Each structure stands twice: as structure tokens, then as C-alpha cells.
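Data from run38.txt: compact mmCIF, C-alpha atoms
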# COMPACT_ATOMS: atom_id res chain seq x y z
CA GLN X 1 13.19 16.02 10.17
CA LEU X 2 10.39 13.89 8.74
CA SER X 3 9.76 10.81 10.89
CA GLY X 4 8.04 7.73 9.51
CA SER X 5 8.39 5.72 12.71
CA ALA X 6 8.53 6.32 16.43
CA PHE X 7 11.89 7.71 17.55
CA THR X 8 12.45 4.62 19.69
CA CYS X 9 11.85 1.97 17.01
CA PRO X 10 14.70 -0.51 16.61
CA ARG X 11 17.44 0.73 14.33
CA SER X 12 16.47 -1.79 11.62
CA THR X 13 12.93 -0.38 11.38
CA ASN X 14 13.58 3.27 12.23
CA LYS X 15 12.54 5.57 9.38
CA ARG X 16 13.46 9.22 9.15
CA SER X 17 14.91 11.75 6.74
CA TRP X 18 16.44 15.19 7.19
CA LEU X 19 15.23 17.86 4.77
CA TYR X 20 17.29 21.03 4.25
CA ARG X 21 14.64 23.63 3.36
CA ILE X 22 14.74 27.24 2.25
CA LEU X 23 11.79 27.88 4.59
CA PRO X 24 10.32 25.48 7.20
CA SER X 25 7.13 23.62 6.27
CA VAL X 26 5.43 25.12 9.32
CA SER X 27 5.09 28.44 7.47
CA HIS X 28 1.43 28.23 6.45
CA LYS X 29 -1.98 29.55 7.45
CA PRO X 30 -4.32 27.36 9.57
CA PHE X 31 -5.93 24.30 7.99
CA GLU X 32 -9.63 24.48 7.26
CA SER X 33 -12.04 21.78 6.11
CA THR X 34 -12.32 21.57 2.32
CA GLU X 35 -14.39 19.76 -0.31
CA GLN X 36 -14.38 16.03 0.49
CA GLY X 37 -15.37 14.72 -2.94
CA HIS X 38 -15.56 10.93 -3.02
CA VAL X 39 -12.86 10.24 -0.41
CA THR X 40 -14.19 8.35 2.61
CA ASN X 41 -13.30 5.96 5.40
CA ASN X 42 -16.92 5.20 6.26
CA TRP X 43 -17.22 1.45 5.72
CA ASP X 44 -20.90 1.41 6.75
CA GLU X 45 -22.35 3.52 3.91
CA VAL X 46 -24.12 0.50 2.44
CA ASP X 47 -24.92 -3.00 3.67
CA PRO X 48 -22.26 -5.72 3.26
CA ASP X 49 -22.31 -7.67 -0.01
CA PRO X 50 -20.45 -11.02 -0.18
CA ASN X 51 -21.00 -11.49 -3.93
CA GLN X 52 -18.27 -11.53 -6.50
CA LEU X 53 -18.03 -7.96 -7.78
CA ARG X 54 -16.55 -6.69 -11.03
CA TRP X 55 -16.30 -3.15 -12.35
CA LYS X 56 -16.10 -2.04 -15.95
CA PRO X 57 -13.36 0.52 -16.67
CA PHE X 58 -13.92 3.55 -14.46
CA GLU X 59 -14.92 6.56 -16.51
CA ILE X 60 -12.47 9.48 -16.73
CA PRO X 61 -14.06 12.96 -16.80
CA LYS X 62 -13.60 14.77 -20.10
CA ALA X 63 -11.30 17.78 -19.76
CA SER X 64 -13.56 19.74 -22.08
CA LEU X 65 -16.43 19.38 -19.61
CA LYS X 66 -14.73 19.67 -16.22
CA LYS X 67 -11.16 20.14 -15.00
CA VAL X 68 -10.32 17.46 -12.43
CA ASP X 69 -6.89 17.06 -10.83
CA PHE X 70 -5.48 14.13 -8.84
CA VAL X 71 -6.99 15.17 -5.49
CA SER X 72 -10.44 16.09 -6.76
CA GLY X 73 -10.36 12.88 -8.83
CA LEU X 74 -9.84 10.53 -5.85
CA HIS X 75 -12.64 8.00 -5.34
CA THR X 76 -12.64 5.50 -2.47
CA LEU X 77 -13.81 2.09 -3.71
CA CYS X 78 -13.47 -0.19 -0.68
CA GLY X 79 -11.56 -0.65 2.54
CA ALA X 80 -11.51 -1.80 6.15
CA GLY X 81 -10.13 -0.94 9.55
CA ASP X 82 -9.74 2.27 11.49
CA ILE X 83 -7.58 5.28 10.67
CA ARG X 84 -7.40 6.58 14.25
CA SER X 85 -5.99 3.33 15.59
CA ASN X 86 -3.57 3.05 12.63
CA ASN X 87 -4.87 -0.31 11.46
CA GLY X 88 -6.45 -0.84 8.07
CA LEU X 89 -6.42 -0.07 4.39
CA ALA X 90 -8.37 1.53 1.55
CA VAL X 91 -8.50 1.07 -2.21
CA HIS X 92 -8.96 4.26 -4.22
CA ILE X 93 -9.39 4.97 -7.93
CA PHE X 94 -8.01 8.23 -9.36
CA LEU X 95 -9.63 9.75 -12.44
CA CYS X 96 -8.16 13.08 -13.56
CA ASN X 97 -7.49 15.21 -16.61
CA THR X 98 -5.51 18.23 -15.40
CA SER X 99 -2.38 18.98 -13.37
CA MET X 100 -2.51 20.13 -9.77
CA GLY X 101 -0.78 23.46 -10.39
CA ASP X 102 -0.25 25.41 -7.18
CA ARG X 103 -1.71 22.64 -5.02
CA CYS X 104 0.01 19.82 -3.19
CA PHE X 105 -1.28 16.91 -1.15
CA TYR X 106 -0.07 14.85 1.78
CA ASN X 107 -1.59 11.95 3.65
CA SER X 108 -1.45 12.00 7.45
CA ASP X 109 -3.28 8.68 7.61
CA GLY X 110 -1.04 6.28 5.73
CA ASP X 111 1.09 5.34 2.73
CA PHE X 112 -0.10 5.53 -0.89
CA LEU X 113 0.96 2.83 -3.36
CA ILE X 114 0.05 4.37 -6.72
CA VAL X 115 -0.53 2.19 -9.81
CA PRO X 116 -1.04 4.32 -12.96
CA GLN X 117 -3.07 2.55 -15.64
CA LYS X 118 -3.59 5.23 -18.30
CA GLY X 119 -1.34 8.26 -18.68
CA LYS X 120 2.00 9.01 -17.09
CA LEU X 121 2.42 10.98 -13.86
CA LEU X 122 5.09 13.61 -13.22
CA ILE X 123 5.23 13.64 -9.44
CA TYR X 124 6.87 16.54 -7.62
CA THR X 125 7.87 15.61 -4.07
CA GLU X 126 9.85 17.27 -1.32
CA PHE X 127 12.65 14.82 -2.18
CA GLY X 128 12.70 15.50 -5.92
CA LYS X 129 10.78 14.56 -9.07
CA MET X 130 9.65 11.17 -10.38
CA MET X 131 8.13 10.27 -13.74
CA VAL X 132 5.87 7.24 -13.24
CA GLN X 133 4.31 5.52 -16.25
CA PRO X 134 1.86 2.62 -16.62
CA ASN X 135 3.61 -0.65 -15.71
CA GLU X 136 5.51 1.24 -13.02
CA ILE X 137 4.40 1.89 -9.45
CA CYS X 138 5.39 4.44 -6.86
CA VAL X 139 5.00 4.71 -3.10
CA ILE X 140 4.45 8.07 -1.42
CA GLN X 141 4.85 7.45 2.27
CA ARG X 142 2.88 9.01 5.10
CA GLY X 143 3.34 12.75 5.51
CA MET X 144 5.24 13.39 2.27
CA ARG X 145 3.98 16.34 0.24
CA PHE X 146 3.55 15.83 -3.48
CA SER X 147 1.92 17.37 -6.55
CA ILE X 148 1.07 15.57 -9.80
CA ASP X 149 1.19 16.80 -13.38
CA VAL X 150 -0.72 14.81 -16.00
CA PHE X 151 -0.57 15.03 -19.79
CA GLU X 152 -3.87 13.47 -20.84
CA GLU X 153 -6.99 11.95 -19.35
CA THR X 154 -5.46 9.76 -16.65
CA ARG X 155 -6.58 6.81 -14.55
CA GLY X 156 -5.10 4.49 -11.95
CA TYR X 157 -5.41 2.61 -8.69
CA ILE X 158 -4.18 3.36 -5.16
CA LEU X 159 -3.62 1.01 -2.23
CA GLU X 160 -3.50 2.95 1.04
CA VAL X 161 -2.31 1.33 4.28
CA TYR X 162 -2.67 2.85 7.74
CA GLY X 163 0.00 2.72 10.43
CA VAL X 164 2.48 0.43 8.65
CA HIS X 165 4.82 0.80 5.70
CA PHE X 166 5.36 -1.29 2.60
CA GLU X 167 8.44 -3.49 2.56
CA LEU X 168 9.91 -6.32 0.54
CA PRO X 169 8.56 -9.75 1.54
CA ASP X 170 10.88 -12.20 3.20
CA LEU X 171 12.13 -14.81 0.73
CA GLY X 172 12.44 -17.83 3.03
CA PRO X 173 13.48 -20.98 1.11
CA ILE X 174 13.71 -18.99 -2.13
CA GLY X 175 17.01 -17.68 -0.77
CA ALA X 176 18.84 -14.44 -1.39
CA ASN X 177 17.57 -13.62 -4.90
CA GLY X 178 14.23 -13.32 -6.62
CA LEU X 179 10.94 -11.44 -6.82
CA ALA X 180 11.51 -7.66 -6.56
CA ASN X 181 15.19 -6.90 -6.03
CA PRO X 182 16.16 -3.95 -3.81
CA ARG X 183 18.50 -2.52 -6.45
CA ASP X 184 15.57 -1.89 -8.81
CA PHE X 185 13.74 0.56 -6.54
CA LEU X 186 14.55 4.17 -7.45
CA MET X 187 14.44 7.25 -5.23
CA PRO X 188 14.42 10.85 -6.45
CA VAL X 189 17.45 13.12 -6.17
CA ALA X 190 17.07 16.52 -4.55
CA TRP X 191 15.41 19.15 -6.72
CA TYR X 192 14.05 22.45 -5.48
CA GLU X 193 12.23 25.57 -6.53
CA ASP X 194 12.68 28.85 -4.66
CA ARG X 195 9.31 30.21 -5.77
CA GLN X 196 7.06 32.79 -4.15
CA VAL X 197 3.29 32.29 -4.48
CA PRO X 198 1.88 35.15 -2.37
CA GLY X 199 -1.09 33.66 -0.52
CA GLY X 200 -1.79 31.34 -3.43
CA TYR X 201 -0.25 27.92 -2.75
CA THR X 202 -2.69 25.37 -1.29
CA VAL X 203 -1.52 22.46 0.88
CA ILE X 204 -4.14 19.70 1.23
CA ASP X 205 -3.95 17.24 4.12
CA LYS X 206 -5.90 14.00 4.45
CA TYR X 207 -6.31 13.70 8.21
CA GLN X 208 -8.54 11.11 9.91
CA GLY X 209 -10.15 10.48 6.54
CA LYS X 210 -11.15 14.11 5.95
CA LEU X 211 -9.56 16.69 3.66
CA PHE X 212 -8.21 20.00 4.98
CA ALA X 213 -6.56 22.88 3.11
CA ALA X 214 -4.07 25.55 4.17
CA LYS X 215 -2.59 28.47 2.24
CA GLN X 216 1.06 29.48 2.12
CA ASN X 217 3.21 31.98 0.26
CA VAL X 218 5.89 29.67 -1.11
CA SER X 219 6.25 26.40 -3.00
CA PRO X 220 6.59 23.43 -0.62
CA PHE X 221 9.21 21.92 -2.91
CA ASN X 222 12.00 24.09 -1.51
CA VAL X 223 14.23 21.28 -0.24
CA VAL X 224 17.77 21.89 -1.42
CA ALA X 225 19.19 18.62 -0.07
CA TRP X 226 18.12 15.63 1.99
CA HIS X 227 19.45 12.44 3.52
CA GLY X 228 17.79 9.52 5.27
CA ASN X 229 15.86 6.32 4.65
CA TYR X 230 12.27 7.63 4.63
CA THR X 231 11.63 8.56 1.01
CA PRO X 232 9.24 8.17 -1.89
CA TYR X 233 10.27 5.55 -4.44
CA LYS X 234 9.27 3.94 -7.74
CA TYR X 235 9.62 0.49 -9.30
CA ASN X 236 9.28 -0.87 -12.83
CA LEU X 237 7.18 -4.05 -12.79
CA GLU X 238 9.17 -5.41 -15.75
CA ASN X 239 12.09 -5.93 -13.36
CA PHE X 240 10.21 -8.52 -11.29
CA MET X 241 12.04 -11.88 -11.21
CA VAL X 242 9.26 -14.45 -11.50
CA ILE X 243 9.38 -17.68 -9.52
CA ASN X 244 7.07 -20.47 -10.72
CA ALA X 245 6.33 -24.23 -10.61
CA VAL X 246 8.47 -26.17 -13.09
CA ALA X 247 7.25 -29.75 -12.54
CA TYR X 248 3.54 -30.01 -11.72
CA ASP X 249 0.76 -28.31 -9.77
CA HIS X 250 0.65 -24.68 -8.61
CA ALA X 251 2.75 -22.62 -6.28
CA ASP X 252 0.62 -20.24 -4.24
CA PRO X 253 0.19 -16.74 -5.77
CA SER X 254 2.17 -15.27 -2.85
CA ILE X 255 5.24 -16.01 -5.00
CA PHE X 256 4.20 -12.96 -7.04
CA THR X 257 4.32 -10.52 -4.10
CA VAL X 258 6.16 -7.28 -4.90
CA LEU X 259 5.57 -5.43 -1.61
CA THR X 260 3.89 -6.28 1.67
CA ALA X 261 2.54 -4.26 4.60
CA LYS X 262 2.75 -6.58 7.59
CA SER X 263 0.28 -6.93 10.43
CA LEU X 264 1.23 -7.84 14.00
CA ARG X 265 0.57 -11.52 13.20
CA PRO X 266 3.61 -13.22 11.64
CA GLY X 267 2.98 -14.15 8.01
CA VAL X 268 -0.31 -12.25 7.79
CA ALA X 269 -0.43 -8.94 5.91
CA ILE X 270 -2.60 -5.87 6.23
CA ALA X 271 -2.02 -5.74 2.48
CA ASP X 272 0.09 -7.43 -0.18
CA PHE X 273 0.72 -5.99 -3.64
CA VAL X 274 0.89 -8.94 -6.04
CA ILE X 275 1.39 -8.96 -9.83
CA PHE X 276 0.83 -11.56 -12.55
CA PRO X 277 3.54 -10.76 -15.10
CA PRO X 278 4.54 -12.43 -18.37
CA ARG X 279 6.18 -15.80 -17.69
CA TRP X 280 6.52 -19.39 -18.89
CA GLY X 281 3.98 -22.08 -18.00
CA VAL X 282 5.51 -25.57 -18.04
CA ALA X 283 3.68 -27.62 -15.39
CA ASP X 284 2.71 -31.18 -16.41
CA LYS X 285 -0.47 -33.02 -15.30
CA THR X 286 -1.87 -29.66 -14.20
CA PHE X 287 -4.78 -27.35 -14.90
CA ARG X 288 -2.51 -24.37 -15.47
CA PRO X 289 -4.76 -21.30 -15.04
CA PRO X 290 -5.42 -19.99 -11.52
CA TYR X 291 -7.36 -22.58 -9.56
CA TYR X 292 -10.87 -22.20 -8.14
CA HIS X 293 -10.50 -20.77 -4.71
CA ARG X 294 -12.11 -19.66 -1.46
CA ASN X 295 -9.85 -17.50 0.65
CA CYS X 296 -9.75 -16.10 4.17
CA MET X 297 -8.23 -12.99 2.59
CA SER X 298 -9.93 -10.26 0.52
CA GLU X 299 -8.72 -9.93 -3.08
CA PHE X 300 -9.09 -6.78 -5.17
CA MET X 301 -7.76 -7.17 -8.70
CA GLY X 302 -7.00 -4.59 -11.36
CA LEU X 303 -5.64 -4.72 -14.89
CA ILE X 304 -3.04 -2.29 -16.24
CA LYS X 305 -2.91 -3.65 -19.79
CA GLY X 306 -3.76 -6.67 -21.92
CA HIS X 307 -6.09 -9.54 -21.03
CA TYR X 308 -6.04 -11.45 -17.75
CA GLU X 309 -5.40 -15.14 -18.44
CA ALA X 310 -8.34 -16.49 -16.39
CA LYS X 311 -10.94 -14.05 -17.73
CA GLU X 312 -10.12 -12.76 -21.20
CA GLY X 313 -13.57 -11.21 -21.57
CA GLY X 314 -15.22 -8.72 -19.23
CA PHE X 315 -12.24 -7.99 -17.00
CA LEU X 316 -10.76 -4.94 -18.75
CA PRO X 317 -7.89 -2.48 -18.22
CA GLY X 318 -9.00 0.31 -15.91
CA GLY X 319 -11.67 -1.84 -14.26
CA GLY X 320 -11.43 -4.15 -11.28
CA SER X 321 -12.91 -6.98 -9.26
CA LEU X 322 -13.37 -7.79 -5.58
CA HIS X 323 -13.59 -11.33 -4.25
CA SER X 324 -14.43 -11.06 -0.59
CA THR X 325 -13.53 -13.33 2.30
CA MET X 326 -14.55 -16.95 1.60
CA THR X 327 -16.46 -16.07 -1.59
CA PRO X 328 -15.56 -18.60 -4.33
CA HIS X 329 -13.92 -17.40 -7.52
CA GLY X 330 -11.77 -18.66 -10.37
CA PRO X 331 -11.48 -18.96 -14.15
CA ASP X 332 -14.54 -18.32 -16.29
CA ALA X 333 -16.17 -21.16 -18.22
CA GLU X 334 -14.38 -20.36 -21.48
CA CYS X 335 -10.97 -20.45 -19.80
CA PHE X 336 -11.84 -23.73 -18.05
CA GLU X 337 -12.84 -25.49 -21.26
CA LYS X 338 -9.87 -24.19 -23.22
CA ALA X 339 -7.29 -25.08 -20.55
CA SER X 340 -8.83 -28.51 -19.89
CA LYS X 341 -8.25 -29.53 -23.52
CA ALA X 342 -4.93 -27.77 -24.10
CA LYS X 343 -1.80 -29.72 -24.92
CA LEU X 344 0.64 -29.25 -22.04
CA VAL X 345 3.65 -27.91 -23.87
CA PRO X 346 5.82 -25.05 -22.60
CA GLU X 347 3.99 -21.83 -23.35
CA ARG X 348 4.26 -18.13 -22.71
CA VAL X 349 1.65 -16.86 -20.28
CA ALA X 350 0.36 -13.27 -20.01
CA ASP X 351 2.57 -11.72 -22.71
CA GLY X 352 1.54 -8.09 -23.20
CA THR X 353 -0.45 -8.20 -19.96
CA MET X 354 -0.08 -6.92 -16.42
CA ALA X 355 -2.74 -7.78 -13.87
CA PHE X 356 -2.27 -7.11 -10.16
CA MET X 357 -3.92 -7.84 -6.84
CA PHE X 358 -4.31 -5.94 -3.58
CA GLU X 359 -4.78 -8.74 -1.04
CA SER X 360 -5.69 -8.13 2.59
CA SER X 361 -6.35 -10.13 5.75
CA LEU X 362 -9.11 -7.61 6.52
CA SER X 363 -12.67 -8.05 5.28
CA MET X 364 -13.22 -5.06 3.01
CA ALA X 365 -16.46 -3.12 2.63
CA VAL X 366 -17.44 -1.41 -0.62
CA THR X 367 -18.42 2.26 -0.63
CA LYS X 368 -21.62 3.74 -1.97
CA TRP X 369 -19.62 5.21 -4.86
CA GLY X 370 -18.31 1.75 -5.73
CA LEU X 371 -21.68 0.02 -5.64
CA LYS X 372 -23.93 2.76 -6.99
CA THR X 373 -22.59 6.22 -7.84
CA SER X 374 -19.79 5.10 -10.18
CA HIS X 375 -22.30 3.29 -12.44
CA CYS X 376 -19.47 0.92 -13.40
CA LEU X 377 -20.52 -2.23 -11.51
CA ASP X 378 -20.97 -5.19 -13.87
CA ASP X 379 -24.29 -6.77 -12.89
CA ASN X 380 -23.65 -9.76 -15.15
CA TYR X 381 -20.33 -10.86 -13.65
CA TYR X 382 -21.78 -14.04 -12.12
CA LYS X 383 -22.84 -15.21 -15.57
CA CYS X 384 -19.25 -15.96 -16.62
CA TRP X 385 -19.42 -19.15 -14.47
CA GLU X 386 -22.95 -20.26 -15.44
CA PRO X 387 -21.83 -22.33 -18.49
CA LEU X 388 -19.57 -24.52 -16.29
CA LYS X 389 -20.73 -28.13 -16.46
CA SER X 390 -19.81 -31.42 -14.90
CA HIS X 391 -17.32 -33.70 -16.69
CA PHE X 392 -17.40 -36.31 -13.92
CA THR X 393 -17.77 -40.00 -14.76
CA SER X 394 -18.00 -42.46 -11.90
CA ASN X 395 -15.68 -45.05 -13.45
CA SER X 396 -12.86 -42.67 -14.33
CA ARG X 397 -9.65 -42.85 -12.32

Could you render the structure from this file as C-alpha cells?
Amino acid sequence: QLSGSAFTCPRSTNKRSWLYRILPSVSHKPFESTEQGHVTNNWDEVDPDPNQLRWKPFEIPKASLKKVDFVSGLHTLCGAGDIRSNNGLAVHIFLCNTSMGDRCFYNSDGDFLIVPQKGKLLIYTEFGKMMVQPNEICVIQRGMRFSIDVFEETRGYILEVYGVHFELPDLGPIGANGLANPRDFLMPVAWYEDRQVPGGYTVIDKYQGKLFAAKQNVSPFNVVAWHGNYTPYKYNLENFMVINAVAYDHADPSIFTVLTAKSLRPGVAIADFVIFPPRWGVADKTFRPPYYHRNCMSEFMGLIKGHYEAKEGGFLPGGGSLHSTMTPHGPDAECFEKASKAKLVPERVADGTMAFMFESSLSMAVTKWGLKTSHCLDDNYYKCWEPLKSHFTSNSR
């Protein structure tokens, strides 16, 4: 049995699956500390920085120079909270160019929400196989072993949450239908390999933020059948049913929430996964782009493809931005001028684009890799607002 919740959780929140294995997963040598790479949960590596931060596309290592798989290509960008008390989150970037081969990974600390941006992922799990392509996401929950094959130089984003699981947000007045529908989430069917790897299969565990490796003689994907409700799953972002304002003004961006990881405070999330998909804009008497904003939440944004509507220059696929707690942010000067003069007719918004946001109630710290070692930080980000100018006239009403 693989348990994703305490045995005594209420039936509605109890998560567990039974795995029928050829050989129990306990059949391995002892774990030993292994190369840590750029994975960390040390949020005090560098001093706090409240400024608006933007990263250029993170650079993928060339396969001709160095072979890097999913695990060795993990880089922690920012995060908050404490792994040992099961409260917090981390944002990682993965940059890889080769398959994992006879290596698998599992996370004892939390759930991974994986957002591929470049290159598709063939993910082997104990529950079966999943092919996950850009504009799809997958969730590998805590403790589930998986291995990833890639087919080219590959890049993506990961939202990790500690101690809680992702779930669909409550719909409230929206009613029974809308946003991400349960029927569109896909789980793998059982698939197994009865394969001997004498002393040569490596199982990597992320435990209390550190990486450990153990050897075993067989493939871990030897599950012939399974049943239960604690599984990996994938979702195609094109299936999201968008809700939007159809008269005037803005609805809050929470209407674009795909999945949420709740905190103990009602209505407040450890993390929300939010997308900004193609849709119609029809609001009258309204500045239609995202409004200027200061927020008690932290907002990390990434771009899978296309151009984000509020910043068509500088914010690029494979890069990201972080707007920290109460730091102002919003459309760049070019977007402001264009939208202020636009004729308010029905228009398509964000066609060919998919931007997303990891939003958290926790105040996230950036790692040394994010601020310095990655060499991707855009030092000129603040300049996109410098051309903004006043249009105020005292006699206008």
C-alpha cells in the first residue's frame, strides 16, 4: 500500500492505493547521500530582495557537451516554508537533454506539479506510463517513483508543495460546471516490466531537501495491477473552461485556477496553479489587460508559448518572473498605451499563448542559483515601466 494521507483521515480526504508488485519496493540496498546539484530548501542563501524580478529563458545544457537527465537538471529557483513541518513550497526549473535510463526518482517531501515548456516527457511511473507534452501538466504525488525519457533538449517548470496535495478549487457561485473539469484528468493504466538489473538500478529519494541514492537489482516499475485514489495524473490545459467578465471591469484572476493546494486557513492557498489561456475579451468601459496590482500573495509567472498579453517584449517562453508580497506590478508602458487607446470591440485574447502563475500565500525567497549562478536574471526589467506617464487632467470627469 502507498499512503498519501494519514490512515485516520476522513473518508473524503483519505488517499491510498494498493500496488500488486512482482517484488516489494523494500528490496534495495541502504540509501546513501548523493550529489545535490542545484536542489535546495535553504531560503537564507542570499539576502531578501523585494524588487520585481524577471528571468530570461533558462539555458539548457547542450547534449554534445554534457549529458544531463531530469534529476541532475533540477534547479531550485525560489520557495518558502519548512519541509520537516510539512508546510511550504518550492519552484524548480528542470533543464535536461538525456533520459534517466536505469535511474528513478521519488520525492518524500511533497508533490511535484510538472509543467513542460520545451520537449515532451515520457514518464514511467509505478502506476503506468504517461506522455506529457508542452501545454499539458502532470502531477506526481509524494512518494511515487518515476523515471523520465526525453527526446531533445528539454525545459520546464515545477511547483512543489509540502504536506498537502493539489485538488480542484471549489466553484462557489460558479456552480457545478467550469474551470478544470474532473473528467479531463487522466491517470495511467497499469504497465509493468519484469526486468533484472543486477546491482545497477538506482533509486533516488529527495528527503528533507537532500538527495539520497540506493541500488537495487530490479526495475521499480514491476507493478502488474493497482487500485486506489492516490495516483499520478495529467491534464491538457486546452480543456480548461474559461470564465470571464462579460459586462465591464475585471473578475479576479482566481477564476483561472486549475489546481489548488489549500492551507489550514479557509480560502487561502499554500499554492494555486493558475493559467491565462486563449479567450474572448468583451468588457466595456474597462482597461482590459491585467490591472496594476499589489498583492499579499507571491506570484511566480512562467510562459509555455507565445507572448503574454501584458508584456509582449522581454517576458519569453522558458523564462519567468517573480512579484513578491506587496511589490507593485502590472502591464508595461507599451501595453498601457496600446490598451488605453484601443476600440473596445469583442476581441480574441492570448491566441497561441499559454502563460501560467504559481501563486502562494507564503513570502518566497530566491536562491543563489536564481539570483546569481543561473546568469539569466534580467537586470533591466524595471525599465519596462519607466516610460509610463501621467494622463491626468484636473477638470476631467

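Candidate residues X:Tyr201, X:Phe287, X:Tyr230, X:Trp18 were compared for distance to X:Asp249, and the nearest is X:Phe287, using all atoms listed in the file.
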
Select, from X:Pro277, X:Gly199, X:Gly128, X:Pro57, the residue with the minimum atom-to-atom distance to X:Leu316, counting all atoms listed in the file. X:Pro57

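The residue that comes closest to X:Leu377, out of X:Gln52, X:Thr76, X:Thr34, X:Asn229 and on the basis of only C-alpha atoms, is X:Gln52.
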
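Between X:Phe356 and the candidates X:Tyr162, X:Tyr207, X:Phe212, X:Asn135, the tightest atom-to-atom separation, counting only C-alpha atoms, involves X:Asn135.
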
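Take the candidates X:Lys389, X:His375, X:Lys305, X:Arg288 and check each one against X:Ser340 using all atoms listed in the file; the shortest distance goes to X:Arg288.
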